[in-house]
$ cat work-v4.txt   # compact mmCIF, C-alpha atoms and all ligand atoms
# COMPACT_ATOMS: atom_id res chain seq x y z
CA GLY A 5 -0.59 36.78 61.18
CA LEU A 6 1.91 34.79 63.16
CA PHE A 7 4.21 37.60 64.33
CA THR A 8 6.81 37.08 61.60
CA VAL A 9 7.12 39.67 58.83
CA GLN A 10 9.55 42.19 60.37
CA ILE A 11 10.65 43.95 57.16
CA GLY A 12 7.22 43.91 55.49
CA HIS A 13 5.89 42.04 52.48
CA GLY A 14 7.05 42.02 48.86
CA ARG A 15 10.74 42.82 49.37
CA ARG A 16 12.51 42.10 46.12
CA GLU A 17 15.96 42.00 47.76
CA LEU A 18 15.05 38.78 49.57
CA ALA A 19 13.74 37.11 46.41
CA GLU A 20 16.99 38.04 44.67
CA ALA A 21 19.13 36.72 47.53
CA ALA A 22 17.24 33.40 47.31
CA ALA A 23 17.65 33.15 43.54
CA LYS A 24 21.36 33.94 43.73
CA GLN A 25 21.92 31.34 46.43
CA MET A 26 20.04 28.65 44.51
CA GLN A 27 22.42 29.17 41.61
CA GLU A 28 25.54 29.19 43.80
CA LEU A 29 24.81 26.34 46.20
CA SER A 30 21.24 25.03 46.27
CA PHE A 31 21.74 22.59 49.14
CA PHE A 32 24.38 21.33 51.49
CA PRO A 33 23.80 19.39 54.72
CA LEU A 34 24.78 20.73 58.12
CA TRP A 35 25.14 17.24 59.59
CA SER A 36 28.92 16.81 59.96
CA TYR A 37 29.59 19.71 57.56
CA ALA A 38 29.09 23.42 57.31
CA HIS A 39 28.51 25.75 54.37
CA PRO A 40 29.59 29.39 53.99
CA LYS A 41 26.19 31.01 54.43
CA ALA A 42 25.45 29.05 57.64
CA VAL A 43 28.85 30.02 59.03
CA GLU A 44 28.31 33.67 58.12
CA LEU A 45 24.82 33.71 59.58
CA ALA A 46 25.95 31.98 62.78
CA GLU A 47 28.61 34.67 63.26
CA ARG A 48 26.06 37.40 62.59
CA LEU A 49 23.57 35.99 65.11
CA ILE A 50 26.24 35.74 67.78
CA SER A 51 27.25 39.36 67.13
CA TYR A 52 23.68 40.41 68.13
CA ALA A 53 23.19 37.93 70.97
CA PRO A 54 23.74 38.34 74.72
CA SER A 55 27.46 37.97 75.39
CA SER A 56 27.06 34.59 77.11
CA LEU A 57 26.03 32.95 73.81
CA ASN A 58 28.58 31.94 71.20
CA ARG A 59 27.46 28.66 69.58
CA VAL A 60 24.66 28.14 67.04
CA PHE A 61 22.56 25.12 66.11
CA PHE A 62 20.20 25.61 63.15
CA THR A 63 16.69 24.19 62.73
CA THR A 64 13.82 24.96 60.36
CA GLY A 65 11.59 26.73 62.91
CA GLY A 66 10.84 27.61 66.53
CA GLY A 67 9.34 24.32 67.74
CA GLU A 68 12.34 22.36 66.46
CA ALA A 69 14.67 24.79 68.21
CA VAL A 70 12.76 24.34 71.50
CA GLU A 71 12.95 20.58 71.01
CA SER A 72 16.69 20.85 70.29
CA ALA A 73 17.23 22.99 73.41
CA TRP A 74 15.62 20.40 75.66
CA LYS A 75 17.65 17.58 74.07
CA ALA A 76 20.85 19.63 74.37
CA ALA A 77 20.08 20.30 78.04
CA LYS A 78 19.48 16.61 78.78
CA MET A 79 22.62 15.51 76.97
CA TYR A 80 24.75 18.22 78.58
CA TYR A 81 23.82 17.04 82.06
CA LYS A 82 24.44 13.40 81.13
CA LEU A 83 27.89 14.27 79.82
CA ILE A 84 28.89 16.23 82.92
CA GLY A 85 27.83 13.47 85.28
CA LYS A 86 24.39 14.71 86.39
CA PRO A 87 22.27 12.23 84.41
CA MET A 88 19.12 12.67 86.52
CA LYS A 89 18.67 16.29 85.43
CA HIS A 90 16.03 16.16 82.68
CA LYS A 91 12.85 18.01 83.77
CA VAL A 92 11.80 21.42 82.51
CA ILE A 93 9.81 24.21 84.08
CA SER A 94 7.77 26.61 81.98
CA ARG A 95 4.94 29.05 82.48
CA SER A 96 1.22 28.61 82.47
CA VAL A 97 -0.52 29.36 79.12
CA ALA A 98 2.85 29.70 77.31
CA TYR A 99 3.14 28.24 73.79
CA HIS A 100 6.43 26.63 72.80
CA GLY A 101 5.54 24.60 69.68
CA THR A 102 4.00 21.32 68.56
CA PRO A 103 6.65 18.53 68.58
CA GLN A 104 5.94 16.24 71.55
CA GLY A 105 8.81 17.64 73.63
CA ALA A 106 7.96 21.27 72.85
CA LEU A 107 4.30 20.50 73.52
CA ALA A 108 5.23 19.06 76.91
CA ILE A 109 6.81 22.46 77.66
CA THR A 110 3.70 24.27 76.39
CA GLY A 111 1.30 25.37 79.12
CA ILE A 112 -1.99 25.25 77.20
CA PRO A 113 -4.01 22.15 78.22
CA ASP A 114 -6.31 22.37 75.17
CA ALA A 115 -3.34 22.24 72.79
CA LYS A 116 -2.14 19.02 74.44
CA LYS A 117 -5.15 16.97 75.45
CA TYR A 118 -5.48 14.87 72.25
CA PHE A 119 -1.77 14.00 72.27
CA GLU A 120 -1.25 12.96 75.88
CA PRO A 121 0.79 11.31 77.20
CA LEU A 122 3.53 13.62 76.00
CA THR A 123 7.25 13.54 76.77
CA PRO A 124 7.42 13.24 80.57
CA GLY A 125 9.08 15.97 82.62
CA GLY A 126 7.21 19.22 81.92
CA PHE A 127 6.10 21.28 84.95
CA ARG A 128 4.26 24.60 85.05
CA VAL A 129 4.59 27.73 87.18
CA PRO A 130 2.50 30.95 87.08
CA ASN A 131 3.08 33.42 84.26
CA THR A 132 3.25 37.20 84.78
CA ASN A 133 -0.35 38.21 84.09
CA PHE A 134 -0.18 41.35 86.22
CA TYR A 135 -3.63 42.54 85.08
CA ARG A 136 -5.09 39.55 86.90
CA ALA A 137 -2.51 39.32 89.69
CA GLU A 138 -3.80 37.48 92.76
CA TYR A 139 -0.93 38.77 94.89
CA HIS A 140 0.80 42.18 95.03
CA ALA A 141 -1.68 43.57 92.48
CA ASP A 142 -0.49 47.12 93.25
CA ASP A 143 3.26 46.47 93.03
CA ILE A 144 4.68 44.98 89.84
CA LYS A 145 8.14 44.39 91.31
CA ALA A 146 6.78 42.52 94.31
CA TYR A 147 4.52 40.57 91.95
CA GLY A 148 7.51 39.72 89.75
CA ARG A 149 9.44 38.56 92.81
CA TRP A 150 6.51 36.38 93.84
CA ALA A 151 6.21 34.87 90.33
CA ALA A 152 9.98 34.24 90.06
CA ASP A 153 10.02 32.54 93.44
CA ARG A 154 7.41 30.06 92.21
CA ILE A 155 10.20 28.73 89.95
CA ALA A 156 12.48 28.14 92.94
CA GLU A 157 9.57 26.43 94.66
CA ALA A 158 8.91 24.14 91.66
CA ILE A 159 12.61 23.20 91.53
CA GLU A 160 12.52 22.39 95.25
CA PHE A 161 9.29 20.38 94.88
CA GLU A 162 10.77 18.29 92.04
CA GLY A 163 14.31 18.05 93.39
CA ALA A 164 17.06 20.18 91.88
CA ASP A 165 19.02 17.10 90.84
CA THR A 166 16.19 16.19 88.43
CA VAL A 167 15.57 19.64 86.87
CA ALA A 168 17.48 20.61 83.72
CA ALA A 169 15.96 23.86 82.48
CA VAL A 170 13.56 26.76 82.80
CA PHE A 171 11.97 27.89 79.50
CA LEU A 172 10.40 31.31 79.19
CA GLU A 173 9.56 34.00 76.66
CA PRO A 174 10.72 37.44 77.88
CA VAL A 175 7.34 38.78 76.68
CA GLN A 176 4.90 35.86 76.78
CA ASN A 177 2.74 35.72 73.67
CA SER A 178 -0.03 33.34 74.71
CA GLY A 179 -2.44 34.91 77.13
CA GLY A 180 -1.61 38.26 75.53
CA CYS A 181 1.84 39.87 75.71
CA PHE A 182 2.62 39.41 79.41
CA THR A 183 5.61 41.54 80.33
CA ALA A 184 7.63 41.49 83.56
CA PRO A 185 10.07 43.88 85.26
CA LYS A 186 13.83 43.41 84.81
CA SER A 187 14.05 42.33 88.46
CA TYR A 188 11.92 39.26 87.61
CA PHE A 189 14.54 37.99 85.14
CA LYS A 190 17.40 38.90 87.49
CA ARG A 191 15.79 36.82 90.22
CA ILE A 192 15.23 33.87 87.86
CA ARG A 193 18.87 34.01 86.80
CA GLU A 194 19.87 33.84 90.49
CA ILE A 195 17.54 30.88 91.05
CA CYS A 196 18.89 29.00 88.02
CA ASP A 197 22.48 29.59 89.16
CA LYS A 198 21.68 28.48 92.69
CA TYR A 199 20.15 25.17 91.59
CA ASP A 200 22.37 24.59 88.49
CA VAL A 201 19.40 24.79 86.11
CA LEU A 202 19.72 26.17 82.56
CA LEU A 203 17.78 29.32 81.69
CA ILE A 204 16.41 29.15 78.14
CA ALA A 205 14.89 32.24 76.52
CA ASP A 206 12.34 31.36 73.84
CA GLU A 207 12.53 34.39 71.57
CA THR A 208 10.71 32.80 68.63
CA ILE A 209 8.45 35.87 68.54
CA ASP A 210 10.32 38.35 70.75
CA GLY A 211 13.59 38.22 68.80
CA PHE A 212 14.68 40.34 65.83
CA GLY A 213 13.59 43.76 66.95
CA ARG A 214 10.02 42.86 67.85
CA ILE A 215 10.24 44.45 71.27
CA GLY A 216 12.80 47.18 70.49
CA THR A 217 16.17 45.44 70.87
CA MET A 218 17.58 42.77 68.58
CA PHE A 219 16.90 40.16 71.26
CA ALA A 220 14.53 40.71 74.17
CA SER A 221 17.04 39.34 76.70
CA GLU A 222 19.02 42.53 76.02
CA LEU A 223 16.07 44.77 76.92
CA TYR A 224 15.44 42.86 80.14
CA GLU A 225 19.18 42.63 80.89
CA PHE A 226 19.57 38.92 81.53
CA GLU A 227 21.95 36.33 80.15
CA PRO A 228 20.27 33.07 79.16
CA ASP A 229 22.20 29.80 78.77
CA MET A 230 20.36 29.16 75.51
CA LEU A 231 18.19 31.30 73.25
CA VAL A 232 15.63 30.02 70.75
CA CYS A 233 14.84 32.18 67.70
CA ALA A 234 12.98 31.78 64.40
CA LYS A 235 10.21 33.74 62.57
CA GLY A 236 11.71 37.24 62.15
CA ILE A 237 15.14 35.73 61.37
CA THR A 238 14.04 35.65 57.70
CA SER A 239 10.98 37.89 58.11
CA ALA A 240 9.19 34.62 57.18
CA TYR A 241 10.43 34.65 53.58
CA GLN A 242 12.02 31.24 54.29
CA PRO A 243 11.59 28.67 57.08
CA LEU A 244 14.47 28.85 59.56
CA GLY A 245 15.11 28.64 63.28
CA ALA A 246 18.21 28.72 65.46
CA LEU A 247 19.30 27.74 68.92
CA LEU A 248 22.06 29.89 70.39
CA LEU A 249 24.07 28.30 73.18
CA SER A 250 26.68 29.34 75.71
CA GLU A 251 30.20 27.93 75.60
CA LYS A 252 29.39 26.02 78.79
CA LEU A 253 26.96 23.82 76.83
CA PHE A 254 29.58 23.12 74.17
CA GLU A 255 32.39 22.35 76.62
CA PRO A 256 31.69 18.57 76.97
CA PHE A 257 31.64 18.21 73.17
CA LYS A 258 35.03 19.88 72.70
CA LYS A 259 37.14 16.83 73.42
CA GLY A 260 35.94 15.15 70.23
CA THR A 261 34.59 12.13 72.06
CA ALA A 262 30.89 13.10 71.94
CA ILE A 263 28.62 14.38 69.19
CA PHE A 264 25.09 15.77 69.47
CA PRO A 265 23.17 13.05 67.57
CA HIS A 266 20.31 15.30 66.51
CA GLY A 267 19.46 17.43 63.48
CA TYR A 268 17.22 18.11 60.47
CA THR A 269 17.88 17.70 56.73
CA PHE A 270 16.74 21.23 55.93
CA ALA A 271 18.13 22.95 59.04
CA GLY A 272 20.22 25.97 58.09
CA HIS A 273 19.32 25.48 54.42
CA PRO A 274 21.67 27.63 52.30
CA VAL A 275 18.76 29.50 50.69
CA ALA A 276 17.17 30.21 54.07
CA CYS A 277 20.53 31.41 55.45
CA ALA A 278 21.11 33.68 52.44
CA VAL A 279 17.64 35.16 52.87
CA ALA A 280 18.23 35.62 56.62
CA LEU A 281 21.50 37.47 55.93
CA GLU A 282 19.82 39.79 53.42
CA ASN A 283 16.96 40.32 55.87
CA LEU A 284 19.47 41.33 58.55
CA ASN A 285 21.23 43.65 56.06
CA ILE A 286 17.91 45.43 55.61
CA PHE A 287 17.51 45.62 59.40
CA GLU A 288 20.79 47.53 59.51
CA GLU A 289 20.34 49.67 56.38
CA GLU A 290 16.91 50.83 57.54
CA ASP A 291 17.73 50.85 61.27
CA LEU A 292 14.57 48.87 61.96
CA VAL A 293 15.43 48.13 65.58
CA GLY A 294 16.01 51.87 66.10
CA ASN A 295 12.68 52.57 64.38
CA VAL A 296 10.88 50.35 66.90
CA ARG A 297 12.77 51.85 69.83
CA ARG A 298 12.03 55.42 68.75
CA ASN A 299 8.36 54.81 67.90
CA ALA A 300 7.42 52.36 70.66
CA PRO A 301 6.14 55.06 73.07
CA ALA A 302 3.93 56.53 70.32
CA PHE A 303 2.64 53.05 69.40
CA ARG A 304 1.77 52.43 73.04
CA SER A 305 0.02 55.78 73.52
CA THR A 306 -1.93 55.43 70.25
CA LEU A 307 -3.20 51.99 71.26
CA GLU A 308 -3.94 53.22 74.79
CA LYS A 309 -6.50 55.62 73.32
CA LEU A 310 -8.67 52.51 72.91
CA LYS A 311 -8.96 52.31 76.69
CA ASP A 312 -11.93 54.67 76.51
CA LEU A 313 -13.97 51.84 74.92
CA PRO A 314 -16.08 49.84 77.40
CA ILE A 315 -14.83 46.52 76.00
CA VAL A 316 -11.09 47.29 76.41
CA GLY A 317 -9.81 46.14 79.81
CA ASP A 318 -6.07 46.30 79.29
CA VAL A 319 -3.51 47.35 76.68
CA ARG A 320 -0.12 45.74 77.31
CA GLY A 321 3.09 44.78 75.57
CA GLU A 322 6.44 46.17 74.54
CA GLY A 323 7.97 47.52 71.33
CA TYR A 324 5.81 46.50 68.37
CA PHE A 325 4.12 43.63 70.18
CA TYR A 326 0.83 44.40 71.92
CA ALA A 327 -2.30 42.75 73.26
CA ILE A 328 -5.65 44.36 73.91
CA GLU A 329 -7.61 42.38 76.49
CA LEU A 330 -11.37 42.44 76.03
CA VAL A 331 -13.66 42.41 79.07
CA LYS A 332 -17.37 42.34 79.82
CA ASP A 333 -17.01 44.76 82.71
CA LYS A 334 -14.10 47.18 83.01
CA THR A 335 -14.60 47.87 86.71
CA THR A 336 -14.73 44.29 87.90
CA ARG A 337 -12.49 43.00 85.03
CA GLU A 338 -15.06 40.26 84.44
CA THR A 339 -14.14 38.30 81.34
CA PHE A 340 -16.35 36.71 78.67
CA ASN A 341 -17.42 33.07 79.15
CA ASP A 342 -16.45 30.43 76.55
CA ALA A 343 -19.60 30.84 74.43
CA GLU A 344 -19.39 34.63 74.50
CA SER A 345 -15.70 34.55 73.66
CA GLU A 346 -16.41 32.27 70.69
CA LYS A 347 -19.09 34.68 69.45
CA LEU A 348 -16.84 37.69 70.02
CA LEU A 349 -13.58 36.41 68.52
CA ARG A 350 -14.27 33.75 65.89
CA GLY A 351 -17.89 34.78 65.34
CA PHE A 352 -17.20 38.47 64.74
CA LEU A 353 -13.84 40.15 65.32
CA SER A 354 -11.54 37.94 63.22
CA THR A 355 -13.72 38.40 60.14
CA ASP A 356 -14.56 42.04 60.74
CA LEU A 357 -10.92 43.05 61.22
CA TYR A 358 -9.84 40.94 58.22
CA ASN A 359 -12.50 42.57 56.05
CA ALA A 360 -11.26 45.97 57.19
CA GLY A 361 -7.76 44.96 56.00
CA LEU A 362 -6.23 44.39 59.41
CA TYR A 363 -4.62 40.98 59.80
CA CYS A 364 -4.10 40.47 63.49
CA ARG A 365 -4.75 37.71 65.95
CA SER A 366 -7.88 37.35 68.04
CA ASP A 367 -7.18 34.70 70.64
CA ASP A 368 -8.47 33.21 73.86
CA ARG A 369 -5.87 30.68 74.94
CA GLY A 370 -6.04 32.73 78.13
CA ASP A 371 -8.60 35.52 78.36
CA PRO A 372 -9.82 37.05 75.06
CA VAL A 373 -7.27 39.34 73.41
CA VAL A 374 -6.56 40.96 70.08
CA GLN A 375 -2.83 40.94 69.35
CA LEU A 376 -0.74 43.19 67.15
CA ALA A 377 2.73 42.44 65.74
CA PRO A 378 3.09 44.77 62.77
CA PRO A 379 6.11 45.03 60.45
CA LEU A 380 8.93 46.96 62.11
CA THR A 381 8.89 49.45 59.23
CA ILE A 382 5.70 51.27 60.27
CA GLY A 383 5.18 54.62 62.02
CA GLN A 384 2.50 57.01 63.26
CA LYS A 385 0.40 56.97 60.06
CA GLU A 386 -0.08 53.21 60.36
CA PHE A 387 -0.55 53.38 64.15
CA ASP A 388 -3.48 55.73 63.54
CA TYR A 389 -4.93 53.38 60.95
CA LEU A 390 -4.60 50.47 63.40
CA GLU A 391 -6.25 52.43 66.19
CA GLN A 392 -9.14 53.63 64.05
CA THR A 393 -9.78 50.21 62.53
CA LEU A 394 -9.72 48.57 65.95
CA ARG A 395 -11.94 51.31 67.38
CA SER A 396 -14.57 50.68 64.73
CA SER A 397 -14.53 46.85 65.05
CA LEU A 398 -14.35 46.82 68.87
CA SER A 399 -17.26 49.28 69.11
CA LYS A 400 -19.38 47.01 66.89
CA ALA A 401 -18.26 44.00 68.94
CA TRP A 402 -19.49 45.66 72.16
CA ASP A 403 -22.92 46.15 70.59
CA LEU A 404 -23.24 42.34 70.17
CA PHE A 405 -23.68 41.97 73.94
N1 LIG B 1 7.93 29.10 70.66
C1 LIG B 1 7.19 30.21 70.63
C2 LIG B 1 7.34 31.21 71.74
C3 LIG B 1 6.29 30.45 69.59
O1 LIG B 1 5.54 31.56 69.58
C4 LIG B 1 6.19 29.49 68.55
C5 LIG B 1 5.25 29.70 67.45
O2 LIG B 1 4.46 30.61 67.40
C6 LIG B 1 6.98 28.35 68.62
C7 LIG B 1 7.85 28.18 69.68
C8 LIG B 1 6.90 27.31 67.56
O3 LIG B 1 7.50 27.78 66.37
P1 LIG B 1 7.22 27.06 64.98
O4 LIG B 1 5.78 27.25 64.67
O5 LIG B 1 8.15 27.77 64.03
O6 LIG B 1 7.60 25.62 65.16

$ encode --input "work-v4.txt" --output "C-alpha cells"
Amino acid sequence: GLFTVQIGHGRRELAEAAAKQMQELSFFPLWSYAHPKAVELAERLISYAPSSLNRVFFTTGGGEAVESAWKAAKMYYKLIGKPMKHKVISRSVAYHGTPQGALAITGIPDAKKYFEPLTPGGFRVPNTNFYRAEYHADDIKAYGRWAADRIAEAIEFEGADTVAAVFLEPVQNSGGCFTAPKSYFKRIREICDKYDVLLIADETIDGFGRIGTMFASELYEFEPDMLVCAKGITSAYQPLGALLLSEKLFEPFKKGTAIFPHGYTFAGHPVACAVALENLNIFEEEDLVGNVRRNAPAFRSTLEKLKDLPIVGDVRGEGYFYAIELVKDKTTRETFNDAESEKLLRGFLSTDLYNAGLYCRSDDRGDPVVQLAPPLTIGQKEFDYLEQTLRSSLSKAWDLF
C-alpha cells in the first residue's frame, strides 16, 4: 500500500480508543488552543525525537507537514532579519507531497508538469542512487561525500542568503529506497551549519520504526532542525501528520509579538491523537521497533535470495523498507524502456502480486522497482511468504520479455 500500517490491520484497541475519544471530546481546534490528547501526543513524539527537537505543529498528513515546514522556515528567517532566505533544495526523484509548495520540493517532473508554475524556489540536487552511481561507484563513502557536496554547490550557485532549507528523506522512497552512509548526513549537517540553512528530515515514511529506530535520523545519527512525520503515527487508522521543530525555530515567537498564521481545522484532531497514542502504546507493549531491529538482517537476507533471478538487479533498503530494482540485463544494468516498464509493472506485476495476496508497490518514478513496507509485526514466516510470492511473480514477469 502506501507504507503506513505499522501495527497491522484490524486492531480493535485503536477502534476502541477512537470511540472513547469521540464520547469524551469529539473535536476541539488547535488554532489558539490546545486539547489534552494533542498535548500528550506532542510530549510523546518529542520523547522519541532527536534531542534537538522540542516543539510540535500538527497537520492532517505528510504533504501538509512539508508545506508547514517550508512556511515555518520562510517566516523564521523573516523574523530574524534574513528575509531573502526562502529557497529550498531537495533531491532528484524525491516525493514530498501534492500541495503546490510540497510539489515544488518534489523532484519528479511528471508529477508536476500539469501544475506548473508551482511555488517558486525549489532546486534539485542528485539523490543517493548508488546502484547507478556515475562517480565513486566502488566507494559508497566517497560517493556520499560527492552527493552531499552537490548541496553545498547548489547553495553557492543560488546564494546562501537566499536559501532557507534542505529537505531530504533519510531513506528516499521514490526511485526505490535509496540509502546513504552516516557520513553523508554528517557532511550535510556541516554544510547547513556553514551556510545557515535549515536541515529538514522528511520522515513521512521512514518514521515510526519503519527502518529500525523510532525515527530514521537516529539511525543515521544526525540532528535535523525540523522533522516531518505522518503515516505510521496512527498506523493509518486516522489521518494525522506532525512537524517537529527545534527550539531555535520557536525562539522568535517566544516574545508574544508574532504568531505563525497557518493551520488546518482538522490538524491534531482529538480522535486522531487518541488513536496515535494507542498506536504508540502498542509499539511499546509489543516492542515493534525492537522487532524490526532484530529481524532486519533476516529480512534483508531473505529478500537477497531473489538476486539469483535474471530480472533482479538490486535489492536495497533498511529495516522493513526495501526496493527490488528490475533490470533487462544484470551485467550491464540496462533498464527497461518506458513501454516495457508499463507492460512489466502496470500490465503484469501489480495485478499478479495483488492476485497472489501481496499488496506492494510496483513503481517507475525512477527505474522500475517493487517496494515492500510490511507491518512491523512480521517475522521469518512472512518473509518467506514474501520471497516465494515475489519469486513466482518475478519469474513469470521475466518470461514476458
Ligand atoms: N513526504 C513523503 C516522503 C511521502 O512519502 C509522502 C507520501 O507518500 C508525503 C510527503 C505526502 O504525504 P501525504 O500523502 O500524507 O500528504

$ closest_atom_pairs --input "work-v4.txt" --of "chain A" --to "ligand LIG 1 (chain B)" --cutoff "10 Å" --atoms "all atoms listed in the file" --output "JSON lines"
{"residue": "A:Leu6", "atom": "CA", "partner": "B:LIG1", "partner_atom": "O2", "distance": 6.5}
{"residue": "A:Phe7", "atom": "CA", "partner": "B:LIG1", "partner_atom": "O2", "distance": 7.6}
{"residue": "A:Thr8", "atom": "CA", "partner": "B:LIG1", "partner_atom": "O2", "distance": 9.0}
{"residue": "A:Thr63", "atom": "CA", "partner": "B:LIG1", "partner_atom": "O5", "distance": 9.4}
{"residue": "A:Thr64", "atom": "CA", "partner": "B:LIG1", "partner_atom": "O5", "distance": 7.3}
{"residue": "A:Gly65", "atom": "CA", "partner": "B:LIG1", "partner_atom": "O5", "distance": 3.8}
{"residue": "A:Gly66", "atom": "CA", "partner": "B:LIG1", "partner_atom": "O3", "distance": 3.3}
{"residue": "A:Gly67", "atom": "CA", "partner": "B:LIG1", "partner_atom": "O6", "distance": 3.4}
{"residue": "A:Glu68", "atom": "CA", "partner": "B:LIG1", "partner_atom": "O6", "distance": 5.9}
{"residue": "A:Ala69", "atom": "CA", "partner": "B:LIG1", "partner_atom": "O6", "distance": 7.7}
{"residue": "A:Val70", "atom": "CA", "partner": "B:LIG1", "partner_atom": "C7", "distance": 6.5}
{"residue": "A:Glu71", "atom": "CA", "partner": "B:LIG1", "partner_atom": "C7", "distance": 9.2}
{"residue": "A:Ala98", "atom": "CA", "partner": "B:LIG1", "partner_atom": "C2", "distance": 7.3}
{"residue": "A:Tyr99", "atom": "CA", "partner": "B:LIG1", "partner_atom": "C1", "distance": 5.5}
{"residue": "A:His100", "atom": "CA", "partner": "B:LIG1", "partner_atom": "N1", "distance": 3.6}
{"residue": "A:Gly101", "atom": "CA", "partner": "B:LIG1", "partner_atom": "C8", "distance": 3.7}
{"residue": "A:Thr102", "atom": "CA", "partner": "B:LIG1", "partner_atom": "O6", "distance": 6.6}
{"residue": "A:Pro103", "atom": "CA", "partner": "B:LIG1", "partner_atom": "O6", "distance": 7.9}
{"residue": "A:Ala106", "atom": "CA", "partner": "B:LIG1", "partner_atom": "C7", "distance": 7.6}
{"residue": "A:Leu107", "atom": "CA", "partner": "B:LIG1", "partner_atom": "C7", "distance": 9.3}
{"residue": "A:Ile109", "atom": "CA", "partner": "B:LIG1", "partner_atom": "N1", "distance": 9.7}
{"residue": "A:Thr110", "atom": "CA", "partner": "B:LIG1", "partner_atom": "N1", "distance": 8.6}
{"residue": "A:Phe171", "atom": "CA", "partner": "B:LIG1", "partner_atom": "C2", "distance": 9.6}
{"residue": "A:Leu172", "atom": "CA", "partner": "B:LIG1", "partner_atom": "C2", "distance": 8.1}
{"residue": "A:Glu173", "atom": "CA", "partner": "B:LIG1", "partner_atom": "C2", "distance": 6.1}
{"residue": "A:Pro174", "atom": "CA", "partner": "B:LIG1", "partner_atom": "C2", "distance": 9.4}
{"residue": "A:Val175", "atom": "CA", "partner": "B:LIG1", "partner_atom": "C2", "distance": 9.0}
{"residue": "A:Gln176", "atom": "CA", "partner": "B:LIG1", "partner_atom": "C2", "distance": 7.3}
{"residue": "A:Asn177", "atom": "CA", "partner": "B:LIG1", "partner_atom": "O1", "distance": 6.5}
{"residue": "A:Ser178", "atom": "CA", "partner": "B:LIG1", "partner_atom": "O1", "distance": 7.8}
{"residue": "A:Ala205", "atom": "CA", "partner": "B:LIG1", "partner_atom": "C2", "distance": 9.0}
{"residue": "A:Asp206", "atom": "CA", "partner": "B:LIG1", "partner_atom": "C2", "distance": 5.4}
{"residue": "A:Glu207", "atom": "CA", "partner": "B:LIG1", "partner_atom": "C2", "distance": 6.1}
{"residue": "A:Thr208", "atom": "CA", "partner": "B:LIG1", "partner_atom": "C1", "distance": 4.8}
{"residue": "A:Ile209", "atom": "CA", "partner": "B:LIG1", "partner_atom": "O1", "distance": 5.3}
{"residue": "A:Asp210", "atom": "CA", "partner": "B:LIG1", "partner_atom": "C2", "distance": 7.8}
{"residue": "A:Gly211", "atom": "CA", "partner": "B:LIG1", "partner_atom": "C2", "distance": 9.8}
{"residue": "A:Val232", "atom": "CA", "partner": "B:LIG1", "partner_atom": "N1", "distance": 7.8}
{"residue": "A:Cys233", "atom": "CA", "partner": "B:LIG1", "partner_atom": "N1", "distance": 8.1}
{"residue": "A:Ala234", "atom": "CA", "partner": "B:LIG1", "partner_atom": "O5", "distance": 6.3}
{"residue": "A:Lys235", "atom": "CA", "partner": "B:LIG1", "partner_atom": "O5", "distance": 6.5}
{"residue": "A:Ala240", "atom": "CA", "partner": "B:LIG1", "partner_atom": "O5", "distance": 9.7}
{"residue": "A:Pro243", "atom": "CA", "partner": "B:LIG1", "partner_atom": "O5", "distance": 7.8}
{"residue": "A:Leu244", "atom": "CA", "partner": "B:LIG1", "partner_atom": "O5", "distance": 7.8}
{"residue": "A:Gly245", "atom": "CA", "partner": "B:LIG1", "partner_atom": "O5", "distance": 7.1}

$ atom_distance --input "work-v4.txt" --atom1 "CA of Trp74 (chain A)" --atom2 "CA of Leu203 (chain A)"
11.0 Å

$ closest_atom_pairs --input "work-v4.txt" --of "region 109-168 of chain A" --to "region 321-330 of chain A" --cutoff "12 Å" --atoms "only C-alpha atoms" --output "Markdown table"
| residue | atom | partner | partner_atom | distance |
| --- | --- | --- | --- | --- |
| A:Thr132 | CA | A:Gly321 | CA | 11.9 |
| A:Asn133 | CA | A:Gly321 | CA | 11.3 |
| A:Phe134 | CA | A:Gly321 | CA | 11.7 |
| A:Tyr135 | CA | A:Glu329 | CA | 9.5 |
| A:Arg136 | CA | A:Glu329 | CA | 11.1 |

$ write_last_selection --input "work-v4.txt" --atoms "C-alpha atoms" --output "mmCIF file, keeping the file's coordinate frame"
data_model
loop_
_atom_site.group_PDB
_atom_site.id
_atom_site.type_symbol
_atom_site.label_atom_id
_atom_site.label_comp_id
_atom_site.auth_asym_id
_atom_site.auth_seq_id
_atom_site.Cartn_x
_atom_site.Cartn_y
_atom_site.Cartn_z
ATOM 1 C CA THR A 132 3.250 37.200 84.780
ATOM 2 C CA ASN A 133 -0.350 38.210 84.090
ATOM 3 C CA PHE A 134 -0.180 41.350 86.220
ATOM 4 C CA TYR A 135 -3.630 42.540 85.080
ATOM 5 C CA ARG A 136 -5.090 39.550 86.900
#

$ residues_around --input "work-v4.txt" --residues "region 276-282 of chain A" --least-positions-apart "2" --cutoff "9 Å" --atoms "only C-alpha atoms" --output "JSON list (two decimals) with C-alpha atoms, keeping the file's coordinate frame"
[["chain", "number", "residue", "atom", "x", "y", "z"],
["A", 17, "GLU", "CA", 15.96, 42.00, 47.76],
["A", 18, "LEU", "CA", 15.05, 38.78, 49.57],
["A", 19, "ALA", "CA", 13.74, 37.11, 46.41],
["A", 20, "GLU", "CA", 16.99, 38.04, 44.67],
["A", 21, "ALA", "CA", 19.13, 36.72, 47.53],
["A", 22, "ALA", "CA", 17.24, 33.40, 47.31],
["A", 24, "LYS", "CA", 21.36, 33.94, 43.73],
["A", 25, "GLN", "CA", 21.92, 31.34, 46.43],
["A", 41, "LYS", "CA", 26.19, 31.01, 54.43],
["A", 42, "ALA", "CA", 25.45, 29.05, 57.64],
["A", 44, "GLU", "CA", 28.31, 33.67, 58.12],
["A", 45, "LEU", "CA", 24.82, 33.71, 59.58],
["A", 48, "ARG", "CA", 26.06, 37.40, 62.59],
["A", 64, "THR", "CA", 13.82, 24.96, 60.36],
["A", 236, "GLY", "CA", 11.71, 37.24, 62.15],
["A", 237, "ILE", "CA", 15.14, 35.73, 61.37],
["A", 238, "THR", "CA", 14.04, 35.65, 57.70],
["A", 239, "SER", "CA", 10.98, 37.89, 58.11],
["A", 241, "TYR", "CA", 10.43, 34.65, 53.58],
["A", 242, "GLN", "CA", 12.02, 31.24, 54.29],
["A", 243, "PRO", "CA", 11.59, 28.67, 57.08],
["A", 244, "LEU", "CA", 14.47, 28.85, 59.56],
["A", 271, "ALA", "CA", 18.13, 22.95, 59.04],
["A", 272, "GLY", "CA", 20.22, 25.97, 58.09],
["A", 273, "HIS", "CA", 19.32, 25.48, 54.42],
["A", 274, "PRO", "CA", 21.67, 27.63, 52.30],
["A", 284, "LEU", "CA", 19.47, 41.33, 58.55],
["A", 285, "ASN", "CA", 21.23, 43.65, 56.06],
["A", 286, "ILE", "CA", 17.91, 45.43, 55.61],
["A", 287, "PHE", "CA", 17.51, 45.62, 59.40]]
